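These notes concern the structure reproduced below.
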Amino acid sequence: MKKIGVADTTFARVDMARYAVKALNEQGTGFRIVRRTVPGIKDLAVACRQLFRDEHADLCLALGMPGKADLDRTSAEVASLGLMMTGVLEGKPIVECFVYETEALSAVELETLARRRAEGHALNAYTMLFRPHELARHAGEGLRQGFADAGPVRRTH
Amino acid sequence: MKKIGVADTTFARVDMARYAVKALNEQGTGFRIVRRTVPGIKDLAVACRQLFRDEHADLCLALGMPGKADLDRTSAEVASLGLMMTGVLEGKPIVECFVYETEALSAVELETLARRRAEGHALNAYTMLFRPHELARHAGEGLRQGFADAGPVRRTH
Amino acid sequence: MKKIGVADTTFARVDMARYAVKALNEQGTGFRIVRRTVPGIKDLAVACRQLFRDEHADLCLALGMPGKADLDRTSAEVASLGLMMTGVLEGKPIVECFVYETEALSAVELETLARRRAEGHALNAYTMLFRPHELARHAGEGLRQGFADAGPVRRTH
Amino acid sequence: MKKIGVADTTFARVDMARYAVKALNEQGTGFRIVRRTVPGIKDLAVACRQLFRDEHADLCLALGMPGKADLDRTSAEVASLGLMMTGVLEGKPIVECFVYETEALSAVELETLARRRAEGHALNAYTMLFRPHELARHAGEGLRQGFADAGPVRRTH
Amino acid sequence: MKKIGVADTTFARVDMARYAVKALNEQGTGFRIVRRTVPGIKDLAVACRQLFRDEHADLCLALGMPGKADLDRTSAEVASLGLMMTGVLEGKPIVECFVYETEALSAVELETLARRRAEGHALNAYTMLFRPHELARHAGEGLRQGFADAGPVRRTH
């Protein structure tokens with residue numbers, strides 16, 4: 001039985017973890033989800049560290065939504081580096097799923113983007129854990145999460 | 001009995017730790033506070049490291065107020081990365097509470113913002129230690145500390 | 001028998017790993033390739049960590065293609081720092097091969113650049129493992145991967 | 001008997017360590033100073049690491065003066081992150097005292113600023129080691145080193 | 001017998017290591033040089049790590065030449081952080097000698113700058129290893145490598 005850690009925030013304006021958990025459960029069985037909600041994106045790294053250490057998660061999904069302010073960009077970078085440090089030290093994958101408020105033009109768009117990206121990264125997390133070789137079949141195909149796939153450079157490849 | 005480390009600076013122009021400690025004490029009992037004041041924000045990471053190592057803190061609250069100069073932005077980023085490293089290495093939460101002088105337009109506004117943010121993060125720290133599952137109930141609700149909550153994207157959610 | 005880890009992404013719009021593997025196999029024998037495809041460039045560091053730890057790779061080749069958005073630049077920097085941390089902690093080389101979408105003006109150019117850079121870095125990886133002293137003979141010669149060599153400052157050197 | 005490590009550079013245009021050592025000695029006794037001069041600010045982190053490891057310093061004071069060029073800003077950030085890593089790994093304070101050449105308008109001003117900041121940080125270092133609780137009495141008072149104190153937001157506090 | 005590691009790249013457009021090795025040998029005896037050439041500046045950190053680990057170097061000299069593109073600046077920063085991590089983790093000095101192509105206006109100037117800076121840093125490396133106390137005599141004197149010394153702020157000091 002695999003264990004998937006899900007870390008998310010009260011700062012985000014969409015309950016992305018809910019969509020991620022739903023998407024994970026639709027993929028199949030054979031795993032348990034442990035969720036930990038923290039205040040902001042800078043708290044996600046330690047949350048993941050604890051999910052690995054205390055809950056023995058095999059992979060973590062870290063969901064966050066940096067705000068519109070210039071300072072939020074810097075926070076996101078620090079948060080991201082923290083997740084990176086944690087993943088490297090643990091030697092286990094952390095799927096970072098950040099949606100920047102500035103990526104969407106309206107509330108509706110933001111909600112949709114956040115939902116779709118959470119679903120997309122949840123699917124990736126599942127695939128990484130249970131069907132890692134499947135990813136290789138899509139190498140270099142310009143896959144995206146949240147927006148439409150960019151696709152490979154040469155579609156007739 | 002839990003232990004909460006509070007690290008703050010003489011550089012800050014508001015005694016944010018005083019507000020944080022007051023807010024913590026209003027939340028309840030069952031914890032002891034250990035405070036360590038250092039000169040500037042770049043000293044906070046080691047202060048937290050020592051609060052974890054020497055004082056066996058379960059969580060640290062790191063309060064600071066980066067100045068107006070361009071160089072202060074860089075200092076804040078370095079300080080923030082130091083806190084991140086410390087939290088990840090210790091595997092224990094550090095609640096970073098920074099108020100940028102540039103976020104407020106007047107002295108009064110700065111004082112108010114600093115007080116409210118210190119209180120907000122103190123409350124978060126308390127919740128993380130004593131009622132972690134309560135945070136999950138507010139996941140994705142656009143909660144803020146210091147300013148008004150941004151709220152969830154869809155209020156009719 | 002040496003082992004070369006190849007980590008690549010489904011985000012990239014060109015299957016750079018395919019070119020890299022082909023180029024490696026054309027260099028000679030005496031090594032085995034272990035490939036791991038992950039969703040994006042930020043997942044490469046942990047993939048390399050696992051290739052070192054679980055597969056005992058002697059060197060990793062990390063291939064990625066940051067997108068056009070401003071945020072992709074930041075992601076690439078974080079991804080790059082993660083690869084750096086991993087290489088330093090493992091004490092083993094990670095040859096980073098990133099192609100920025102913004103480096104090419106057209107799809108054809110991007111495909112060509114990605115192919116040539118993957119081949120160039122694959123050749124470097126092979127040389128680092130099997131003929132390290134050969135690199136010293138080309139020290140300071142302005143060699144490039146993907147574009148034409150810049151060459152040494154003084155060609156009559 | 002405590003030990004204070006002092007690391008400084010030949011790159012700086014003012015002998016800041018001389019002022020710092022003088023200021024430390026004026027504070028009191030009960031400590032020994034071990035000084036290590038390195039070429040530039042990027043060498044300070046390892047110098048401190050060695051002062052902690054080989055000389056058993058209890059605290060290090062790292063003095064440097066980044067130049068005027070744009071590249072010097074980046075160097076200072078890397079140097080600063082190195083000091084941060086070192087402090088966090090050692091769990092011991094490194095008081096960073098950097099004076100940017102761009103902070104002063106003339107040679108005289110630069111000399112004065114460098115002297116005063118070195119003295120200010122030396123005093124902080126002494127206080128951190130010998131009278132740590134005294135810092136708490138000045139929490140949030142807007143103290144500065146080199147320039148006049150910014151002071152607390154509300155002077156009638 | 002001390003050991004000096006010299007790490008350089010095939011990306012650089014000047015064979016800086018050759019100048020550095022020559023300058024080291026002109027300084028005196030009592031050391032052996034171990035050289036390792038890698039493709040680019042991002043490979044220098046692991047090369048140094050291996051020079052410390054496998055070759056027992058006492059100090060490393062890391063020579064590189066970031067190109068003109070904007071992306072090269074970011075690469076240099078990542079490379080520099082990698083060298084910093086390595087030096088801090090090993091507790092041994094890495095003398096970073098980077099020459100940015102943008103620092104020179106012509107090929108001749110670049111060659112001269114690269115040669116002089118390599119020689120200057122090689123001399124520093126030698127002094128750090130064999131006459132560390134000599135550096136203290138030049139503390140705060142505004143010494144530079146490659147360009148003319150900036151000199152101390154007050155020449156009549």
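Numbering starts fresh at 1 for the residues of each chain in the structure tokens, the chains themselves are lettered A, B, ... in the order given, and ligands are numbered from 1 as they appear.
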
- request: Name all residues at most 6 Å from Ala107 in chain D (count only C-alpha atoms; drop same-chain ones fewer than 2 positions away) and give them as a ChimeraX atom specification.
  value: /D:109-110 /E:153

Selection: 6 Å around range 9-23 of chain C, only C-alpha atoms, excl. self and same-chain fewer than 5 positions, as JSON, numbers by chain: {"A": [138, 139, 140, 141, 142, 143, 152, 153], "C": [37, 38, 39, 40, 64, 65, 115, 118, 119, 122]}

Go ahead and save the residues from that selection, with C-alpha atoms, as a compact mmCIF listing (two decimals), in the first residue's frame.
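Final output, result_12.txt:
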```txt
# COMPACT_ATOMS: atom_id res chain seq x y z
CA HIS A 138 5.11 10.82 -23.44
CA ALA A 139 8.63 12.22 -23.17
CA GLY A 140 9.09 15.46 -25.06
CA GLU A 141 5.42 15.74 -25.95
CA GLY A 142 4.94 19.21 -24.48
CA LEU A 143 2.42 18.10 -21.86
CA PRO A 152 5.55 18.37 -29.43
CA VAL A 153 7.33 20.76 -31.78
CA THR C 37 10.99 10.41 -17.38
CA VAL C 38 9.27 12.88 -15.05
CA PRO C 39 6.64 15.56 -15.66
CA GLY C 40 8.72 18.76 -15.43
CA GLY C 64 14.65 19.79 -19.93
CA MET C 65 12.98 22.55 -21.91
CA ARG C 115 18.70 17.69 -30.87
CA ALA C 118 21.24 16.85 -26.38
CA GLU C 119 23.85 15.21 -28.61
CA ALA C 122 25.58 13.33 -24.28
```

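Rounded to one decimal, CA of Gly30 in chain A and CA of Asp8 in chain A lie 22.3 Å from each other.
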
Members of chain A assigned helix (DSSP H, G or I) by DSSP, as a ChimeraX atom specification: /A:16-27,41-53,70-90,101-103,107-130,132-136

- request: Name all residues at most 8 Å from range 87-92 of chain A (count only C-alpha atoms; drop same-chain ones fewer than 3 positions away) and give them as a count of residues only.
  value: 13

message: I'd like the neighbourhood of Cys60 in chain C as a PyMOL selection string, where a residue qualifies if any of its atoms comes within 6 Å (using only C-alpha atoms), though same-chain residues fewer than 3 positions away should be ignored.
response: chain C and resi 4-6+94

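Excluding Ser80 in chain A itself and same-chain residues fewer than 6 positions from it, the residues having an atom within 9 Å of it are Ile41, Lys42, Leu44, Ala45 and Glu96 of chain A; Ser75 and Val78 of chain C, counting only C-alpha atoms.
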
Please produce an output containing N, CA and C atoms for each residue in the selection, written as a compact mmCIF listing (two decimals), in the first residue's frame.
```txt
# COMPACT_ATOMS: atom_id res chain seq x y z
N ILE A 41 2.43 29.02 1.45
CA ILE A 41 3.32 28.19 0.62
C ILE A 41 4.69 27.96 1.26
N LYS A 42 5.16 28.89 2.07
CA LYS A 42 6.47 28.70 2.71
C LYS A 42 6.41 27.61 3.79
N LEU A 44 4.90 24.75 3.21
CA LEU A 44 4.70 23.47 2.54
C LEU A 44 5.89 22.53 2.66
N ALA A 45 7.11 23.08 2.60
CA ALA A 45 8.30 22.22 2.62
C ALA A 45 8.38 21.41 3.91
N GLU A 96 5.20 19.68 -7.23
CA GLU A 96 4.80 21.05 -6.90
C GLU A 96 3.70 21.50 -7.84
N SER C 75 11.38 28.87 -12.61
CA SER C 75 11.32 27.41 -12.44
C SER C 75 12.63 26.77 -12.86
N VAL C 78 15.25 27.28 -10.16
CA VAL C 78 15.03 26.39 -9.02
C VAL C 78 15.41 24.95 -9.40
```

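Backbone DSSP of range 3-145 of chain D yields strand (DSSP E or B) at Lys3, Ile4, Gly5, Val6, Ala7, Asp8, Thr9, Phe31, Arg32, Ile33, Val34, Arg35, Arg36, Thr37, Val38, Leu59, Cys60, Leu61, Ala62, Leu63, Gly64, Ile94, Val95, Glu96, Cys97 and Phe98 of chain D.
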
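Distance-wise, CA of Met128 in chain C and CA of Val99 in chain C end up 20.8 Å apart.
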
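Between CA of Ala69 in chain B and CA of Leu123 in chain D the separation is 23.3 Å.
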
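Neighbours of Pro66 in chain A closer than or equal to 7 Å, with only C-alpha atoms counted and sequence neighbours fewer than 5 positions away skipped, come out as Asp72, Arg73, Ala76, Val99, Tyr100 and Glu101 of chain A.
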